[in-house]
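**Q** Here you go, this is final.pdb (PDB, C-alpha atoms).
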```pdb
ATOM      1  CA  MET A   1      90.924  71.515 112.326
ATOM      2  CA  ASP A   2      92.669  74.770 113.164
ATOM      3  CA  LYS A   3      90.475  77.793 113.410
ATOM      4  CA  ASP A   4      90.600  79.840 110.273
ATOM      5  CA  PRO A   5      90.463  83.656 110.300
ATOM      6  CA  CYS A   6      86.941  83.663 108.935
ATOM      7  CA  GLU A   7      85.727  81.441 111.741
ATOM      8  CA  GLN A   8      87.425  83.544 114.386
ATOM      9  CA  ALA A   9      85.726  86.638 112.987
ATOM     10  CA  MET A  10      82.372  84.852 112.942
ATOM     11  CA  LYS A  11      82.855  83.786 116.543
ATOM     12  CA  LEU A  12      83.381  87.388 117.591
ATOM     13  CA  LEU A  13      80.778  89.004 115.350
ATOM     14  CA  GLY A  14      78.230  86.217 115.007
ATOM     15  CA  ASP A  15      76.455  86.916 118.259
ATOM     16  CA  PHE A  16      72.789  87.922 118.138
ATOM     17  CA  TRP A  17      73.527  91.418 119.466
ATOM     18  CA  THR A  18      77.058  92.185 118.360
ATOM     19  CA  LEU A  19      76.407  93.295 114.794
ATOM     20  CA  ARG A  20      73.399  95.300 115.999
ATOM     21  CA  ILE A  21      75.566  97.127 118.542
ATOM     22  CA  ILE A  22      78.223  97.827 115.907
ATOM     23  CA  ASN A  23      75.554  99.116 113.547
ATOM     24  CA  ALA A  24      74.046 101.327 116.261
ATOM     25  CA  LEU A  25      77.466 102.911 116.884
ATOM     26  CA  LYS A  26      77.996 103.693 113.201
ATOM     27  CA  ASP A  27      79.318 107.247 112.777
ATOM     28  CA  LYS A  28      78.377 108.319 116.275
ATOM     29  CA  GLU A  29      79.278 108.287 119.940
ATOM     30  CA  VAL A  30      76.400 106.965 122.028
ATOM     31  CA  ARG A  31      75.536 106.856 125.730
ATOM     32  CA  PHE A  32      74.684 103.544 127.325
ATOM     33  CA  CYS A  33      70.997 104.393 127.788
ATOM     34  CA  GLU A  34      70.672 105.691 124.216
ATOM     35  CA  LEU A  35      72.249 102.492 122.954
ATOM     36  CA  GLN A  36      69.848 100.479 125.061
ATOM     37  CA  ARG A  37      66.880 102.359 123.612
ATOM     38  CA  GLU A  38      68.155 101.997 120.071
ATOM     39  CA  LEU A  39      68.474  98.244 120.601
ATOM     40  CA  ASN A  40      64.824  97.827 121.577
ATOM     41  CA  ASN A  41      65.533  97.945 125.303
ATOM     42  CA  ILE A  42      68.074  95.156 125.293
ATOM     43  CA  ASN A  43      68.624  93.778 128.784
ATOM     44  CA  PRO A  44      71.277  96.081 130.342
ATOM     45  CA  VAL A  45      73.250  93.122 131.691
ATOM     46  CA  THR A  46      73.452  91.652 128.173
ATOM     47  CA  LEU A  47      74.431  95.030 126.715
ATOM     48  CA  THR A  48      77.132  95.531 129.365
ATOM     49  CA  LYS A  49      78.531  92.056 128.667
ATOM     50  CA  ARG A  50      78.561  92.481 124.898
ATOM     51  CA  LEU A  51      80.146  95.939 125.143
ATOM     52  CA  LYS A  52      82.849  94.491 127.406
ATOM     53  CA  VAL A  53      83.617  91.769 124.832
ATOM     54  CA  LEU A  54      83.777  94.416 122.090
ATOM     55  CA  GLU A  55      86.003  96.649 124.239
ATOM     56  CA  ASP A  56      88.350  93.753 124.982
ATOM     57  CA  ALA A  57      88.529  92.959 121.264
ATOM     58  CA  ASN A  58      89.357  96.623 120.501
ATOM     59  CA  LEU A  59      86.201  97.220 118.495
ATOM     60  CA  VAL A  60      84.644  99.727 120.886
ATOM     61  CA  ASP A  61      86.091 102.585 122.936
ATOM     62  CA  ARG A  62      84.480 103.649 126.174
ATOM     63  CA  THR A  63      84.955 107.138 127.531
ATOM     64  CA  GLY A  64      83.925 108.518 130.895
ATOM     65  CA  GLN A  65      83.771 107.074 134.396
ATOM     66  CA  SER A  66      82.031 103.783 134.887
ATOM     67  CA  VAL A  67      80.942 104.986 138.383
ATOM     68  CA  ASP A  68      78.767 107.556 136.649
ATOM     69  CA  LYS A  69      76.940 105.521 134.019
ATOM     70  CA  ILE A  70      75.161 108.550 132.610
ATOM     71  CA  SER A  71      78.342 110.163 131.306
ATOM     72  CA  VAL A  72      79.811 106.989 129.804
ATOM     73  CA  THR A  73      79.807 106.978 126.011
ATOM     74  CA  TYR A  74      80.746 104.345 123.492
ATOM     75  CA  LYS A  75      82.115 104.655 119.986
ATOM     76  CA  LEU A  76      83.649 102.384 117.387
ATOM     77  CA  THR A  77      87.406 102.130 117.111
ATOM     78  CA  GLU A  78      89.013 101.971 113.673
ATOM     79  CA  LEU A  79      88.751  98.176 113.870
ATOM     80  CA  GLY A  80      85.103  98.508 114.893
ATOM     81  CA  GLY A  81      84.620 100.555 111.736
ATOM     82  CA  ASP A  82      86.146  97.688 109.767
ATOM     83  CA  ALA A  83      83.551  95.358 111.271
ATOM     84  CA  LEU A  84      80.912  97.525 109.601
ATOM     85  CA  GLY A  85      82.190  96.037 106.343
ATOM     86  CA  VAL A  86      80.830  92.696 107.534
ATOM     87  CA  VAL A  87      77.478  94.292 108.417
ATOM     88  CA  ARG A  88      77.324  95.837 104.946
ATOM     89  CA  ALA A  89      78.232  92.549 103.207
ATOM     90  CA  LEU A  90      75.579  90.705 105.220
ATOM     91  CA  ASN A  91      72.937  93.304 104.412
ATOM     92  CA  ARG A  92      73.850  93.234 100.718
ATOM     93  CA  PHE A  93      73.684  89.431 100.632
ATOM     94  CA  SER A  94      70.433  89.460 102.551
ATOM     95  CA  GLN A  95      68.784  91.870 100.117
ATOM     96  CA  LYS A  96      69.804  89.674  97.180
ATOM     97  CA  ALA A  97      68.624  86.548  98.995
ATOM     98  CA  GLN A  98      65.211  88.130  99.589
ATOM     99  CA  ALA A  99      64.953  89.041  95.906
ATOM    100  CA  VAL A 100      65.781  85.443  94.871
ATOM    101  CA  ASN A 101      63.842  83.464  97.481
TER     102      ASN A 101
ATOM    103  CA  MET B   1      62.082  92.104 118.006
ATOM    104  CA  ASP B   2      61.547  91.336 114.356
ATOM    105  CA  LYS B   3      64.371  89.611 112.613
ATOM    106  CA  ASP B   4      66.450  92.036 110.650
ATOM    107  CA  PRO B   5      68.017  91.132 107.295
ATOM    108  CA  CYS B   6      71.481  91.015 108.781
ATOM    109  CA  GLU B   7      70.387  88.504 111.394
ATOM    110  CA  GLN B   8      68.644  86.330 108.822
ATOM    111  CA  ALA B   9      71.829  86.262 106.762
ATOM    112  CA  MET B  10      73.898  85.421 109.834
ATOM    113  CA  LYS B  11      71.519  82.597 110.680
ATOM    114  CA  LEU B  12      72.020  81.074 107.254
ATOM    115  CA  LEU B  13      75.732  81.748 106.877
ATOM    116  CA  GLY B  14      76.891  81.695 110.476
ATOM    117  CA  ASP B  15      77.187  77.943 110.712
ATOM    118  CA  PHE B  16      80.605  76.423 111.403
ATOM    119  CA  TRP B  17      80.766  74.777 107.979
ATOM    120  CA  THR B  18      78.659  76.927 105.718
ATOM    121  CA  LEU B  19      81.169  79.653 104.895
ATOM    122  CA  ARG B  20      83.860  77.009 104.449
ATOM    123  CA  ILE B  21      81.685  75.145 101.927
ATOM    124  CA  ILE B  22      80.937  78.363 100.056
ATOM    125  CA  ASN B  23      84.629  79.203  99.999
ATOM    126  CA  ALA B  24      85.521  75.711  98.750
ATOM    127  CA  LEU B  25      83.068  76.114  95.857
ATOM    128  CA  LYS B  26      84.532  79.462  94.798
ATOM    129  CA  ASP B  27      85.023  79.586  91.030
ATOM    130  CA  LYS B  28      84.659  75.836  90.588
ATOM    131  CA  GLU B  29      82.321  72.895  90.327
ATOM    132  CA  VAL B  30      83.254  70.210  92.840
ATOM    133  CA  ARG B  31      82.304  66.580  93.412
ATOM    134  CA  PHE B  32      81.037  65.523  96.819
ATOM    135  CA  CYS B  33      84.166  63.535  97.670
ATOM    136  CA  GLU B  34      86.476  66.342  96.548
ATOM    137  CA  LEU B  35      84.522  68.768  98.698
ATOM    138  CA  GLN B  36      84.787  66.386 101.610
ATOM    139  CA  ARG B  37      88.566  66.164 101.181
ATOM    140  CA  GLU B  38      88.929  69.911 100.832
ATOM    141  CA  LEU B  39      87.007  70.361 104.079
ATOM    142  CA  ASN B  40      89.393  68.183 106.082
ATOM    143  CA  ASN B  41      87.247  65.079 105.785
ATOM    144  CA  ILE B  42      84.098  66.643 107.185
ATOM    145  CA  ASN B  43      81.607  64.013 108.284
ATOM    146  CA  PRO B  44      79.652  63.121 105.091
ATOM    147  CA  VAL B  45      76.327  63.302 106.933
ATOM    148  CA  THR B  46      77.130  66.857 108.046
ATOM    149  CA  LEU B  47      78.258  67.805 104.547
ATOM    150  CA  THR B  48      75.093  66.344 103.001
ATOM    151  CA  LYS B  49      72.927  68.244 105.491
ATOM    152  CA  ARG B  50      74.713  71.563 104.978
ATOM    153  CA  LEU B  51      74.621  71.192 101.177
ATOM    154  CA  LYS B  52      70.894  70.502 101.378
ATOM    155  CA  VAL B  53      70.360  73.707 103.404
ATOM    156  CA  LEU B  54      72.437  75.658 100.870
ATOM    157  CA  GLU B  55      70.523  74.093  97.956
ATOM    158  CA  ASP B  56      67.190  74.943  99.571
ATOM    159  CA  ALA B  57      68.368  78.525 100.092
ATOM    160  CA  ASN B  58      69.417  78.743  96.422
ATOM    161  CA  LEU B  59      73.091  79.214  97.182
ATOM    162  CA  VAL B  60      74.270  75.923  95.700
ATOM    163  CA  ASP B  61      73.290  74.029  92.551
ATOM    164  CA  ARG B  62      73.590  70.268  92.396
ATOM    165  CA  THR B  63      73.954  68.478  89.104
ATOM    166  CA  GLY B  64      73.842  64.761  88.426
ATOM    167  CA  GLN B  65      71.924  61.846  89.862
ATOM    168  CA  SER B  66      71.851  61.453  93.612
ATOM    169  CA  VAL B  67      71.699  57.665  93.136
ATOM    170  CA  ASP B  68      75.208  57.822  91.730
ATOM    171  CA  LYS B  69      77.052  59.935  94.270
ATOM    172  CA  ILE B  70      80.288  59.888  92.286
ATOM    173  CA  SER B  71      78.877  61.908  89.424
ATOM    174  CA  VAL B  72      77.098  64.513  91.551
ATOM    175  CA  THR B  73      78.752  67.910  91.455
ATOM    176  CA  TYR B  74      78.071  71.115  93.330
ATOM    177  CA  LYS B  75      78.608  74.699  92.347
ATOM    178  CA  LEU B  76      77.631  78.114  93.628
ATOM    179  CA  THR B  77      74.594  79.850  92.209
ATOM    180  CA  GLU B  78      74.711  83.592  91.549
ATOM    181  CA  LEU B  79      73.386  84.129  95.080
ATOM    182  CA  GLY B  80      76.053  81.766  96.419
ATOM    183  CA  GLY B  81      78.598  83.979  94.693
ATOM    184  CA  ASP B  82      77.125  86.953  96.550
ATOM    185  CA  ALA B  83      77.677  85.098  99.813
ATOM    186  CA  LEU B  84      81.385  85.127  98.966
ATOM    187  CA  GLY B  85      81.201  88.880  99.659
ATOM    188  CA  VAL B  86      80.502  87.997 103.287
ATOM    189  CA  VAL B  87      83.454  85.575 103.337
ATOM    190  CA  ARG B  88      85.693  88.304 101.928
ATOM    191  CA  ALA B  89      84.462  90.927 104.436
ATOM    192  CA  LEU B  90      85.031  88.495 107.306
ATOM    193  CA  ASN B  91      88.526  87.656 106.088
ATOM    194  CA  ARG B  92      89.363  91.349 105.661
ATOM    195  CA  PHE B  93      88.092  92.158 109.146
ATOM    196  CA  SER B  94      89.921  89.188 110.574
ATOM    197  CA  GLN B  95      93.248  90.244 109.068
ATOM    198  CA  LYS B  96      92.862  93.732 110.519
ATOM    199  CA  ALA B  97      91.839  92.325 113.881
ATOM    200  CA  GLN B  98      94.955  90.138 113.985
ATOM    201  CA  ALA B  99      97.126  93.157 113.176
ATOM    202  CA  VAL B 100      95.540  95.168 116.020
ATOM    203  CA  ASN B 101      95.214  92.514 118.720
TER     204      ASN B 101
END
```
Produce structure tokens that represent the structure in this file.
**A**
Amino acid sequence: MDKDPCEQAMKLLGDFWTLRIINALKDKEVRFCELQRELNNINPVTLTKRLKVLEDANLVDRTGQSVDKISVTYKLTELGGDALGVVRALNRFSQKAQAVN
Amino acid sequence: MDKDPCEQAMKLLGDFWTLRIINALKDKEVRFCELQRELNNINPVTLTKRLKVLEDANLVDRTGQSVDKISVTYKLTELGGDALGVVRALNRFSQKAQAVN
């Protein structure tokens, strides 16, 4: 079966950390170490990898020099903002599911 | 880290087939064999398993006798309808992602 758009989106967003990272970048520009703290001290290697995937998929913009990790900041692109729609839909569904089950 | 609502929803919905099944049941009541056809002849064991998970999670209602598979039909519950919001958000994101990338 060919991949449908929904599945492709799930493949990108359905990772354990990805939606958390997107949510943590909502409405703000965040430094790597702040992001790490906000994500309960996620392993920095994992965070670097996930941010790279999100950068490559045009969901996250990185600014600053990677040689100086302290000054590097991350923010959502317009498309990253669109991914927040998925976070919101999941949260809404989840709240209703908790009320029912 | 405790599971957040978003993650719980992803765990339930993030399966390869689950969102497809939910989408196939949109606005209609469908027999098992029709559902199987609509899902490109999904393995019936897989379909049975996924429907059972969705029934247990109150997303799908089954009517009819399971001894007579032909007359068994499936439809979305109200909560199943809410899960369509996630399908829609994923499709919307996916369309935008295709336009950007």
**Q** Care to translate the ChimeraX specification (/A :<12) & /B into actual residues of this file, as a PyMOL selection string?
**A** chain B and resi 1-20+22-23+38-42+54-59+77-101
**Q** Provide an axis-aligned box for all listed atoms of range 47-52 of chain B, padding each side by 4 Å; report its centre and its edge lengths in Å to one decimal, as AutoDock Vina command-line options.
**A**
```
--center_x 74.6 --center_y 69.0 --center_z 103.3 --size_x 15.4 --size_y 13.2 --size_z 12.3
```
**Q** Can you pull out every residue within 12 Å of Leu35 in chain B, counting all atoms listed in the file, but drop anything in the same chain fewer than 5 positions away, and send it as a list in words?
**A**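 Skipping anything fewer than 5 positions along the chain leaves Trp17, Arg20, Ile21, Ile22, Asn23, Ala24, Leu25, Lys26, Lys28, Glu29, Val30, Asn40, Asn41, Ile42, Asn43, Pro44, Leu47, Thr48, Arg50, Leu51, Ile70, Val72, Thr73, Tyr74 and Lys75 of chain B.
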